[in-house]
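Reading through the structure tokens given below for one structure.
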Amino acid sequence: MIPMKNILKALPFALAAALAAGCYSCPKVLPAIAPDREVEAKVEKVLKGMTLQEKAGQMVQLSIMLVENETHDDVDPAKMDVIFGKYKIGSILNVMNDQAASREKTADFISKIQESSMKHIGIPCIYGLDMIHGATYLIDGSFYPQEINLAATFNREYAAMMGRAMAYETRAAQCPWVFSPVMDLGRDPRWPRQWESFGEDPYLQAEMARTETIAIQGTDPNHIDLEHAAVSIKHFMGYGVPHTGKDRTPAYIVENDLREKFFRPFKECFQAGALTAMVNSASINGVPTHANKTLLTGWVKEQLGWDGMLVTDWADIDNLFTRDHVAADKREALALGINAGIDMIMDPYDPECCNVIIDLVKGGEVPMARIDDAVRRILRLKVRLGLFENPTWERAYPEFASETFAKESFAAAVESEILLKNEGILPLKGTERILVCGPNANSLRTLNGGWSYTWQGEGDAFAPQYNTILEALQARFPNVSYEPGVLYDNARMNWQDEDASGIGRAITAARGADVIIACVGENTYCETPGNMDDLNLSANQKVLVKGLAASGKPVILVLNEGRPRIIGDIEPLVKAVVDVMLPSNHGGDALAALLAGDENFSGKLPFTYSKHINSLHTYDYKVSEHREVMGGSYNYDAIMDVQWPFGFGLSYTTFAYSDLVLESPADFKAGDMLKLSVKVTNTGTRAGKEAVLLYSSDLVASLVPDVKRLRGFEKIALEPGETKTVTFEVPAHELAFVGADGKWRLEKGDFRLSCGGLGVMARCTETKVWETPNI
Ligand code: BGC
């Protein structure tokens, strides 16, 4: 959290700023980020001296491609003279030649860009990179498991560790801005970006993303030091539930859900000081988010009093006319977006965009006050980052790519890989003849996923020092053989060996094995290239698993995938299932340690693992969706038959829950704090960690209630026989929901609070409806 003393210090100034006349979007509430007098003075001073050309230029962000030389290995000074000298461009993004570069190389070209920007404009450029799971666009950077894995740890410490390392290493490469964390609710497994975020639940998403935001930026958003960077929380908002499941296609979200579930994580991050946000590429209820003034200006800037900067996603102003047809041309699209609240336009290939902005101002289609407001927000970001004083910086970064970061990444991978089934076969004894199969067995890129050394995930050659699953198993066990069965054709992003002879070889090899580890799942992808038409695990992999199982040898199924591919027909054939998702460079070693029993499993699903292609669920379904919950006089055939529910995950030990106690009075009102405690005992013979999850259920409400909602989680470590008491504090207003009228309401009546299969009742004695849009 932002220290209270900073808030208090800034309070009188903030209120004065709120009352100041002439401000384009005056905060009507206590600002999300308390403004700092010196920062604001500096911003005003710079703004005063700027020409319209300079202001328009600051609002545009271009791809590095526009200043690269012919051989794509350095910047071209002549091109920079045009981009900064003529167009006065304010920001550059991305990596050269579309692939990660070394820290030195990156620092070198960003420094040259800064020199050119300072020489031509006198204002520093802000460089931005997609650092998604660590310093992922640096060849020598530290990678952590993808966010979906961090969510599975249910351990906030890993979000903090990854955020800190990501910011530190990004700064070490002279880059002050990361397009992270991703915090779209991944509520539809068909969507190809589910793995980029912290899963399907708003509370888990909010907790992890807020923790990561603070770790990346530090605790004082007005003064970001040289070990921290600015975040761009993304993609604001509702991006994760496209109606068709395809990337960047329209979503239809009722407004109360939008406020209650989708906005919640973003609100937490804005209020924790997130300095920038990137906007959702797609549309919600027919309105492209880039043109949605209600959301961009209304909900974020005005209702939260947020003075940060909104950047578009890739070429999304163009999409307003080329794809969405809500504008006739670029001119109309730009006016629409800027007037809706966009401050910086990521227009990767078109510096002429600046001149259209100038024209729009001259033609009166965009008020000068809106331009000044946008530029103020951009300058404020640059001042807060200290870029005016230090456009580049000389400093040692001794922890860059350190052993500490590598150990954290390994530990995060261990806590994130999820044991979903174990019919007494794991841990392995170690002496078995192990046959390793499957297209994911000997592939590092599939452990990393997209947004790694490259956008789509290619790049194993950059990281020969890390083990694939096969290599890690060979290092850990004495008797490991390998017959892949099927293989990805990385060049075509498809399959090799379509004649099935590989499957035959694997099945033959099974005869000589005691146990088979089948590593299946997906090849890497990201964004639109990850679209698909069938959530089932691919047919050839299913044939492989069925063939292996038919050999009579026990099969351990390892799922290495970015979204839960349907495996309902092969799951009954195997003895154990582990979902490693995308655990990154240390994920193979982590899996070997877990299968050997050197480490214990403690990951739990941060999404619902569906079983049937036509029944894709989330855990917080409506009570009337499942006949066992709804009761009633109709015998609906509505069931929640999932493969594994949200929050599910096994361990080599067992835990018993007891004494769930509501410590605070059972009768409560909106302003009260609910206090609960529960005892958890390790009843097995191994040490283990347990994610303790607290849920609430509103038993009767004026809108059909969700069956349950996650309200708290804690990860604890227990030795065999040990008992710990876990306590939770839940502000009663957290149990409120947003009604059909868009207002938050906590209604009189009974609530059930549950944890580890135990439940206690509490009763709200007074209905409260909030008139403010956020609570
Ligand atoms: C993605 C963003 C990313 C941006 C810049 C877009 O295609 O949707 O997540 O930050 O590109 O690379």
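Note on naming: chains are A, B, ... as they come in the structure tokens, residues start from 1 per chain, ligands start from 1 in the order shown.
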
Compile the contact shell of Gly457 of chain A as a compact mmCIF listing (two decimals) with all heavy atoms, in the first residue's frame: residues with an atom at most 9 Å away, counting only C-alpha atoms, same-chain residues fewer than 6 positions apart removed.
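Okay, result.txt is ready:
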# COMPACT_ATOMS: atom_id res chain seq x y z
N ARG A 445 10.63 -24.15 -25.01
CA ARG A 445 9.69 -23.07 -25.33
C ARG A 445 8.30 -23.34 -24.77
O ARG A 445 7.60 -22.42 -24.36
CB ARG A 445 9.62 -22.86 -26.85
CG ARG A 445 9.07 -24.03 -27.60
CD ARG A 445 9.10 -23.82 -29.09
NE ARG A 445 8.02 -22.94 -29.53
CZ ARG A 445 7.86 -22.57 -30.80
NH1 ARG A 445 8.71 -22.95 -31.71
NH2 ARG A 445 6.86 -21.81 -31.14
N THR A 446 7.91 -24.63 -24.73
CA THR A 446 6.57 -24.90 -24.21
C THR A 446 6.51 -24.72 -22.69
O THR A 446 5.44 -24.52 -22.13
CB THR A 446 6.07 -26.31 -24.60
OG1 THR A 446 7.00 -27.27 -24.09
CG2 THR A 446 5.94 -26.46 -26.10
N ASN A 448 8.03 -22.21 -21.30
CA ASN A 448 7.96 -20.76 -21.17
C ASN A 448 6.66 -20.16 -21.69
O ASN A 448 6.15 -19.20 -21.14
CB ASN A 448 9.13 -20.10 -21.91
CG ASN A 448 10.35 -19.99 -21.01
OD1 ASN A 448 10.23 -19.55 -19.87
ND2 ASN A 448 11.50 -20.41 -21.50
N GLY A 449 6.16 -20.66 -22.81
CA GLY A 449 4.99 -20.06 -23.43
C GLY A 449 5.34 -18.80 -24.20
O GLY A 449 6.52 -18.46 -24.39
N GLY A 450 4.32 -18.10 -24.65
CA GLY A 450 4.51 -16.86 -25.41
C GLY A 450 5.13 -15.77 -24.54
O GLY A 450 5.36 -15.97 -23.35
N TRP A 451 5.42 -14.62 -25.13
CA TRP A 451 6.05 -13.50 -24.42
C TRP A 451 7.29 -13.98 -23.66
O TRP A 451 7.41 -13.79 -22.46
CB TRP A 451 5.10 -12.85 -23.42
CG TRP A 451 3.94 -12.10 -23.98
CD1 TRP A 451 2.63 -12.31 -23.67
CD2 TRP A 451 3.96 -11.00 -24.91
NE1 TRP A 451 1.83 -11.42 -24.36
CE2 TRP A 451 2.61 -10.60 -25.13
CE3 TRP A 451 4.97 -10.30 -25.58
CZ2 TRP A 451 2.25 -9.56 -25.98
CZ3 TRP A 451 4.60 -9.26 -26.44
CH2 TRP A 451 3.27 -8.90 -26.62
N ASN A 523 1.70 -26.31 -28.09
CA ASN A 523 2.90 -25.56 -28.44
C ASN A 523 2.66 -24.10 -28.03
O ASN A 523 1.57 -23.74 -27.61
CB ASN A 523 3.18 -25.68 -29.94
CG ASN A 523 4.66 -25.43 -30.24
OD1 ASN A 523 5.42 -24.98 -29.37
ND2 ASN A 523 5.07 -25.68 -31.45
N THR A 524 3.67 -23.27 -28.17
CA THR A 524 3.51 -21.89 -27.70
C THR A 524 2.67 -21.06 -28.67
O THR A 524 2.62 -21.34 -29.86
CB THR A 524 4.87 -21.22 -27.53
OG1 THR A 524 5.53 -21.20 -28.80
CG2 THR A 524 5.72 -21.94 -26.53
N TYR A 525 2.06 -20.04 -28.12
CA TYR A 525 1.26 -19.10 -28.90
C TYR A 525 1.00 -17.88 -28.04
O TYR A 525 1.25 -17.89 -26.82
CB TYR A 525 -0.08 -19.74 -29.30
CG TYR A 525 -0.86 -20.22 -28.10
CD1 TYR A 525 -1.69 -19.38 -27.38
CD2 TYR A 525 -0.71 -21.53 -27.63
CE1 TYR A 525 -2.36 -19.81 -26.25
CE2 TYR A 525 -1.39 -21.98 -26.50
CZ TYR A 525 -2.22 -21.11 -25.82
OH TYR A 525 -2.88 -21.53 -24.69
N CYS A 526 0.48 -16.89 -28.66
CA CYS A 526 0.17 -15.68 -27.94
C CYS A 526 -0.80 -14.86 -28.78
O CYS A 526 -0.64 -14.80 -30.00
CB CYS A 526 1.47 -14.91 -27.78
SG CYS A 526 1.35 -13.48 -26.77

Item to check | Surrounding residues as a PyMOL selection string, ligand 1, max 10 Å, only C-alpha atoms and all ligand atoms | outcome: chain A and resi 63+93-95+128-132+178-182+193+196+232-235+239+247-248+278-281+311-316+346+348+451+455+526-528

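Using only C-alpha atoms, the smallest distance between any of A:Ile378, A:Leu699, A:Cys755, A:Leu650 and Leu676 of chain A comes from A:Cys755.
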
Checklist outcome for this item: Restricting to only C-alpha atoms, whichever of A:Asp373, A:Ile358, A:Asn560, A:Ala550 is closest to Asn442 of chain A is A:Asn560

Next on the checklist: Neighbouring residues of segment 719-732 of chain A were defined as those with any atom within 7 Å, considering only C-alpha atoms; residues of the same chain fewer than 3 positions away were excluded. Please report them as a PyMOL selection string.
Outcome noted: chain A and resi 669-688+712+735

Go ahead and write the selection's residues with C-alpha atoms as a compact mmCIF listing (two decimals), in the first residue's frame.
# COMPACT_ATOMS: atom_id res chain seq x y z
CA LYS A 669 -23.56 -4.49 9.38
CA ALA A 670 -21.76 -2.99 6.39
CA GLY A 671 -19.10 -1.20 8.45
CA ASP A 672 -18.08 -4.25 10.49
CA MET A 673 -15.11 -6.54 10.14
CA LEU A 674 -15.75 -10.28 9.98
CA LYS A 675 -13.03 -12.21 11.77
CA LEU A 676 -12.62 -15.92 11.30
CA SER A 677 -10.14 -18.55 12.31
CA VAL A 678 -9.63 -22.13 11.25
CA LYS A 679 -7.23 -24.86 12.32
CA VAL A 680 -5.32 -26.80 9.69
CA THR A 681 -3.36 -29.94 10.59
CA ASN A 682 -0.90 -31.87 8.49
CA THR A 683 -2.21 -35.38 9.02
CA GLY A 684 0.24 -37.11 6.71
CA THR A 685 3.86 -38.10 6.95
CA ARG A 686 5.50 -35.45 4.78
CA ALA A 687 6.00 -31.73 5.20
CA GLY A 688 3.71 -29.77 2.91
CA GLY A 712 -9.45 -14.73 1.39
CA LEU A 735 -19.80 -9.30 0.74

Near Lys546 of chain A, counting only C-alpha atoms, which residues have an atom at most 12 Å away, once you skip same-chain residues fewer than 5 positions from it, shown as a compact mmCIF listing (two decimals) with N, CA and C atoms, in the first residue's frame?
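Written file, selection_3.txt:
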# COMPACT_ATOMS: atom_id res chain seq x y z
N GLY A 485 6.73 -39.96 -29.76
CA GLY A 485 5.40 -40.32 -30.26
C GLY A 485 4.89 -39.34 -31.29
N ILE A 503 3.90 -42.62 -33.09
CA ILE A 503 3.05 -43.16 -32.02
C ILE A 503 3.31 -44.66 -31.87
N GLY A 504 3.46 -45.32 -32.99
CA GLY A 504 3.76 -46.76 -32.97
C GLY A 504 5.07 -47.03 -32.23
N ALA A 506 6.48 -45.23 -29.94
CA ALA A 506 6.32 -44.97 -28.50
C ALA A 506 5.61 -46.13 -27.82
N ILE A 507 4.58 -46.65 -28.49
CA ILE A 507 3.83 -47.76 -27.89
C ILE A 507 4.72 -49.01 -27.77
N ALA A 518 3.86 -39.11 -19.92
CA ALA A 518 3.40 -38.56 -21.21
C ALA A 518 3.22 -37.05 -21.07
N ALA A 539 -6.21 -34.41 -31.30
CA ALA A 539 -6.58 -35.81 -31.50
C ALA A 539 -5.35 -36.72 -31.48
N ASN A 540 -4.24 -36.29 -32.11
CA ASN A 540 -3.07 -37.18 -32.18
C ASN A 540 -2.48 -37.42 -30.77
N GLN A 541 -2.55 -36.42 -29.92
CA GLN A 541 -2.02 -36.63 -28.56
C GLN A 541 -2.92 -37.58 -27.78
N SER A 551 -1.01 -50.22 -23.35
CA SER A 551 0.13 -51.12 -23.14
C SER A 551 0.07 -51.76 -21.75
N GLY A 552 -0.79 -51.22 -20.91
CA GLY A 552 -0.92 -51.77 -19.57
C GLY A 552 0.06 -51.16 -18.57
N LYS A 553 0.98 -50.38 -19.07
CA LYS A 553 1.94 -49.73 -18.16
C LYS A 553 1.32 -48.45 -17.59
N PRO A 554 1.61 -48.15 -16.33
CA PRO A 554 0.99 -46.95 -15.74
C PRO A 554 1.47 -45.67 -16.43
N VAL A 555 0.51 -44.79 -16.71
CA VAL A 555 0.83 -43.53 -17.39
C VAL A 555 0.64 -42.36 -16.42
N LEU A 557 0.27 -38.47 -16.67
CA LEU A 557 0.00 -37.46 -17.69
C LEU A 557 0.50 -36.11 -17.20
N ILE A 567 -9.75 -33.12 -21.56
CA ILE A 567 -9.12 -34.45 -21.56
C ILE A 567 -10.04 -35.50 -20.92
N ASP A 569 -11.88 -37.80 -21.91
CA ASP A 569 -11.85 -39.20 -22.35
C ASP A 569 -10.53 -39.91 -22.02
N ILE A 570 -9.47 -39.19 -21.80
CA ILE A 570 -8.20 -39.89 -21.50
C ILE A 570 -7.83 -39.87 -20.01
N GLU A 571 -8.44 -38.96 -19.27
CA GLU A 571 -8.10 -38.89 -17.84
C GLU A 571 -8.33 -40.22 -17.10
N PRO A 572 -9.46 -40.93 -17.40
CA PRO A 572 -9.68 -42.19 -16.67
C PRO A 572 -8.63 -43.26 -16.98
N LEU A 573 -7.88 -43.08 -18.07
CA LEU A 573 -6.91 -44.11 -18.49
C LEU A 573 -5.56 -43.97 -17.79
N VAL A 574 -5.35 -42.86 -17.13
CA VAL A 574 -4.01 -42.62 -16.56
C VAL A 574 -4.03 -42.68 -15.04

Checklist entry - At what distance in Å, to one decimal, does atom CA of Arg323 of chain A lie from atom CA of Asp350 of chain A? => result 17.4 Å

Taking 3 positions as the minimum chain separation for residues in the same chain, which residues sit within 7 Å of segment 69-85 of chain A when counting only C-alpha atoms? Answer as a PDB file with N, CA, C and O atoms, in the first residue's frame.
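Everything below was put into result_14.pdb:
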ATOM      1  N   LYS A  88       8.762  14.806 -33.092  1.00  0.00           N
ATOM      2  CA  LYS A  88       8.782  15.023 -31.625  1.00  0.00           C
ATOM      3  C   LYS A  88       8.103  13.879 -30.857  1.00  0.00           C
ATOM      4  O   LYS A  88       7.384  14.092 -29.862  1.00  0.00           O
ATOM      5  N   ILE A  89       8.305  12.657 -31.348  1.00  0.00           N
ATOM      6  CA  ILE A  89       7.629  11.478 -30.782  1.00  0.00           C
ATOM      7  C   ILE A  89       8.001  11.275 -29.302  1.00  0.00           C
ATOM      8  O   ILE A  89       9.160  11.412 -28.916  1.00  0.00           O
ATOM      9  N   MET A  96      14.101  -5.022 -30.911  1.00  0.00           N
ATOM     10  CA  MET A  96      14.572  -4.984 -32.282  1.00  0.00           C
ATOM     11  C   MET A  96      14.487  -6.368 -32.917  1.00  0.00           C
ATOM     12  O   MET A  96      14.724  -7.371 -32.241  1.00  0.00           O
ATOM     13  N   ASN A  97      14.164  -6.377 -34.182  1.00  0.00           N
ATOM     14  CA  ASN A  97      14.139  -7.636 -34.922  1.00  0.00           C
ATOM     15  C   ASN A  97      13.183  -8.652 -34.298  1.00  0.00           C
ATOM     16  O   ASN A  97      13.357  -9.861 -34.440  1.00  0.00           O
ATOM     17  N   PHE A 109      20.806   0.685 -27.139  1.00  0.00           N
ATOM     18  CA  PHE A 109      19.938   1.374 -28.097  1.00  0.00           C
ATOM     19  C   PHE A 109      18.937   2.301 -27.400  1.00  0.00           C
ATOM     20  O   PHE A 109      18.597   3.352 -27.928  1.00  0.00           O
ATOM     21  N   SER A 116      18.956  11.198 -28.512  1.00  0.00           N
ATOM     22  CA  SER A 116      18.319  11.868 -29.641  1.00  0.00           C
ATOM     23  C   SER A 116      17.085  12.652 -29.181  1.00  0.00           C
ATOM     24  O   SER A 116      16.859  13.786 -29.601  1.00  0.00           O
ATOM     25  N   SER A 117      16.300  12.042 -28.310  1.00  0.00           N
ATOM     26  CA  SER A 117      15.094  12.713 -27.817  1.00  0.00           C
ATOM     27  C   SER A 117      15.459  13.991 -27.046  1.00  0.00           C
ATOM     28  O   SER A 117      14.834  15.040 -27.227  1.00  0.00           O
ATOM     29  N   HIS A 120      16.765  16.697 -29.570  1.00  0.00           N
ATOM     30  CA  HIS A 120      15.778  17.306 -30.463  1.00  0.00           C
ATOM     31  C   HIS A 120      14.590  17.928 -29.741  1.00  0.00           C
ATOM     32  O   HIS A 120      14.007  18.893 -30.228  1.00  0.00           O
ATOM     33  N   ILE A 121      14.178  17.356 -28.628  1.00  0.00           N
ATOM     34  CA  ILE A 121      12.955  17.868 -27.974  1.00  0.00           C
ATOM     35  C   ILE A 121      13.248  18.465 -26.592  1.00  0.00           C
ATOM     36  O   ILE A 121      12.515  19.321 -26.117  1.00  0.00           O
TER      37      ILE A 121
END

Item to check | Expected answer as a count of residues only: strand (DSSP E or B) residues in segment 630-768 of chain A | outcome: 73

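Across A:Asp534, A:Glu432, A:Asp220, A:Glu352, the tightest approach to Lys330 of chain A is made by A:Glu352 when counting only C-alpha atoms.
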
Checklist entry - Hey, what's within 8 Å of segment 745-754 of chain A if we count only C-alpha atoms and toss same-chain stuff fewer than 6 positions away? As a list of chain:residue names, please? => result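 Non-adjacent residues within range: A:Ala670, A:Leu694, A:Tyr695, A:Ser696, A:Ser697, A:Asp698, A:Leu699, A:Val700, A:Ala701, A:His733, A:Leu735, A:Ala736, A:Phe737, A:Val738, A:Gly739, A:Val760, A:Met761, A:Ala762, A:Arg763, A:Cys764, A:Thr765, A:Glu766, A:Thr767, A:Lys768, A:Val769, A:Trp770.
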
Take the residues from that selection and put them in a file with N, CA and C atoms, as a short mmCIF file (atom, residue, chain, number, x, y, z; two decimals), in the first residue's frame.
data_model
loop_
_atom_site.label_atom_id
_atom_site.label_comp_id
_atom_site.auth_asym_id
_atom_site.auth_seq_id
_atom_site.Cartn_x
_atom_site.Cartn_y
_atom_site.Cartn_z
N ALA A 670 -22.73 -3.29 7.46
CA ALA A 670 -21.76 -2.99 6.39
C ALA A 670 -20.39 -2.51 6.89
N LEU A 694 -10.85 -19.15 1.71
CA LEU A 694 -12.09 -18.79 2.39
C LEU A 694 -13.11 -18.29 1.38
N TYR A 695 -14.31 -18.84 1.45
CA TYR A 695 -15.38 -18.44 0.52
C TYR A 695 -16.57 -17.89 1.30
N SER A 696 -17.38 -17.08 0.60
CA SER A 696 -18.67 -16.68 1.19
C SER A 696 -19.79 -17.03 0.21
N SER A 697 -20.96 -17.28 0.76
CA SER A 697 -22.15 -17.49 -0.07
C SER A 697 -23.27 -16.63 0.48
N ASP A 698 -23.86 -15.85 -0.38
CA ASP A 698 -25.00 -15.01 -0.01
C ASP A 698 -26.23 -15.88 -0.28
N LEU A 699 -26.97 -16.25 0.77
CA LEU A 699 -28.00 -17.28 0.57
C LEU A 699 -29.25 -16.77 -0.13
N VAL A 700 -29.61 -15.52 0.12
CA VAL A 700 -30.77 -14.94 -0.57
C VAL A 700 -30.41 -13.51 -0.96
N ALA A 701 -30.62 -13.17 -2.21
CA ALA A 701 -30.28 -11.81 -2.64
C ALA A 701 -31.26 -11.35 -3.70
N HIS A 733 -18.27 -5.12 3.96
CA HIS A 733 -18.70 -4.57 2.66
C HIS A 733 -18.18 -5.39 1.49
N LEU A 735 -18.74 -8.35 1.08
CA LEU A 735 -19.80 -9.30 0.74
C LEU A 735 -20.90 -8.65 -0.11
N ALA A 736 -20.73 -7.36 -0.38
CA ALA A 736 -21.73 -6.66 -1.19
C ALA A 736 -21.64 -7.11 -2.64
N PHE A 737 -22.70 -6.86 -3.39
CA PHE A 737 -22.68 -7.13 -4.83
C PHE A 737 -23.25 -5.91 -5.54
N VAL A 738 -23.10 -5.89 -6.86
CA VAL A 738 -23.64 -4.76 -7.61
C VAL A 738 -25.00 -5.18 -8.18
N GLY A 739 -26.00 -4.41 -7.85
CA GLY A 739 -27.36 -4.73 -8.28
C GLY A 739 -27.61 -4.34 -9.73
N VAL A 760 -19.63 -21.72 8.56
CA VAL A 760 -20.27 -21.03 9.69
C VAL A 760 -21.25 -20.02 9.10
N MET A 761 -22.26 -19.69 9.87
CA MET A 761 -23.27 -18.75 9.38
C MET A 761 -23.05 -17.37 10.01
N ALA A 762 -23.39 -16.35 9.25
CA ALA A 762 -23.38 -14.98 9.77
C ALA A 762 -24.60 -14.29 9.17
N ARG A 763 -25.02 -13.20 9.83
CA ARG A 763 -26.26 -12.57 9.37
C ARG A 763 -26.10 -11.07 9.26
N CYS A 764 -26.37 -10.55 8.09
CA CYS A 764 -26.35 -9.11 7.91
C CYS A 764 -27.70 -8.57 8.39
N THR A 765 -27.67 -7.61 9.30
CA THR A 765 -28.92 -7.18 9.94
C THR A 765 -29.52 -5.93 9.30
N GLU A 766 -28.82 -5.35 8.34
CA GLU A 766 -29.33 -4.10 7.78
C GLU A 766 -28.88 -3.97 6.33
N THR A 767 -29.79 -3.70 5.44
CA THR A 767 -29.41 -3.52 4.03
C THR A 767 -28.76 -2.16 3.84
N LYS A 768 -27.65 -2.17 3.08
CA LYS A 768 -27.01 -0.88 2.77
C LYS A 768 -26.81 -0.79 1.26
N VAL A 769 -27.19 0.35 0.70
CA VAL A 769 -26.96 0.60 -0.72
C VAL A 769 -26.04 1.81 -0.81
N TRP A 770 -24.96 1.67 -1.55
CA TRP A 770 -23.99 2.77 -1.68
C TRP A 770 -24.36 3.66 -2.86
#

Just want the 12 Å neighbourhood of Ser538 of chain A, counted on only C-alpha atoms, with same-chain residues fewer than 2 positions away dropped. Output as a PDB file with C-alpha atoms, in the first residue's frame.
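Below is the file result-v1.pdb, written as the result:
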ATOM      1  CA  GLY A 438       4.896 -36.528 -25.872  1.00  0.00           C
ATOM      2  CA  PRO A 439       5.590 -33.377 -27.864  1.00  0.00           C
ATOM      3  CA  VAL A 486       4.318 -37.039 -31.809  1.00  0.00           C
ATOM      4  CA  LEU A 487       6.278 -33.841 -32.227  1.00  0.00           C
ATOM      5  CA  TYR A 488       5.450 -30.234 -32.962  1.00  0.00           C
ATOM      6  CA  ASN A 494       1.830 -27.615 -36.412  1.00  0.00           C
ATOM      7  CA  TRP A 495       2.725 -31.332 -36.233  1.00  0.00           C
ATOM      8  CA  VAL A 520       1.271 -33.383 -23.709  1.00  0.00           C
ATOM      9  CA  GLY A 521      -0.443 -30.050 -24.153  1.00  0.00           C
ATOM     10  CA  GLU A 522       0.123 -27.148 -26.491  1.00  0.00           C
ATOM     11  CA  ASN A 523       2.899 -25.562 -28.441  1.00  0.00           C
ATOM     12  CA  MET A 532      -8.546 -22.312 -32.084  1.00  0.00           C
ATOM     13  CA  ASP A 533     -11.776 -24.085 -32.868  1.00  0.00           C
ATOM     14  CA  ASP A 534     -11.590 -27.046 -30.515  1.00  0.00           C
ATOM     15  CA  LEU A 535     -10.664 -26.935 -26.839  1.00  0.00           C
ATOM     16  CA  ASN A 536     -10.086 -30.692 -26.818  1.00  0.00           C
ATOM     17  CA  ASN A 540      -3.072 -37.183 -32.177  1.00  0.00           C
ATOM     18  CA  GLN A 541      -2.021 -36.631 -28.559  1.00  0.00           C
ATOM     19  CA  LYS A 542      -5.134 -38.392 -27.358  1.00  0.00           C
ATOM     20  CA  VAL A 543      -4.353 -41.311 -29.670  1.00  0.00           C
ATOM     21  CA  LEU A 544      -0.848 -41.398 -28.235  1.00  0.00           C
ATOM     22  CA  VAL A 545      -2.070 -41.430 -24.631  1.00  0.00           C
ATOM     23  CA  GLU A 561      -0.513 -25.931 -21.638  1.00  0.00           C
ATOM     24  CA  ARG A 565      -7.573 -28.467 -22.831  1.00  0.00           C
ATOM     25  CA  ILE A 566     -10.371 -30.990 -22.516  1.00  0.00           C
ATOM     26  CA  ILE A 567      -9.122 -34.454 -21.556  1.00  0.00           C
ATOM     27  CA  ILE A 570      -8.197 -39.893 -21.502  1.00  0.00           C
TER      28      ILE A 570
END

Item to check | Point-to-point distance from atom CA of Val231 of chain A to atom CA of Met581 of chain A, Å rounded to tenths | outcome: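 Computing the Euclidean distance for atom CA of Val231 of chain A and atom CA of Met581 of chain A yields 24.8 Å.
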
Checklist entry - How many Å separate atom CA of Met183 of chain A from atom CA of Ile139 of chain A? => result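 Between these atoms lies a distance of 24.9 Å.
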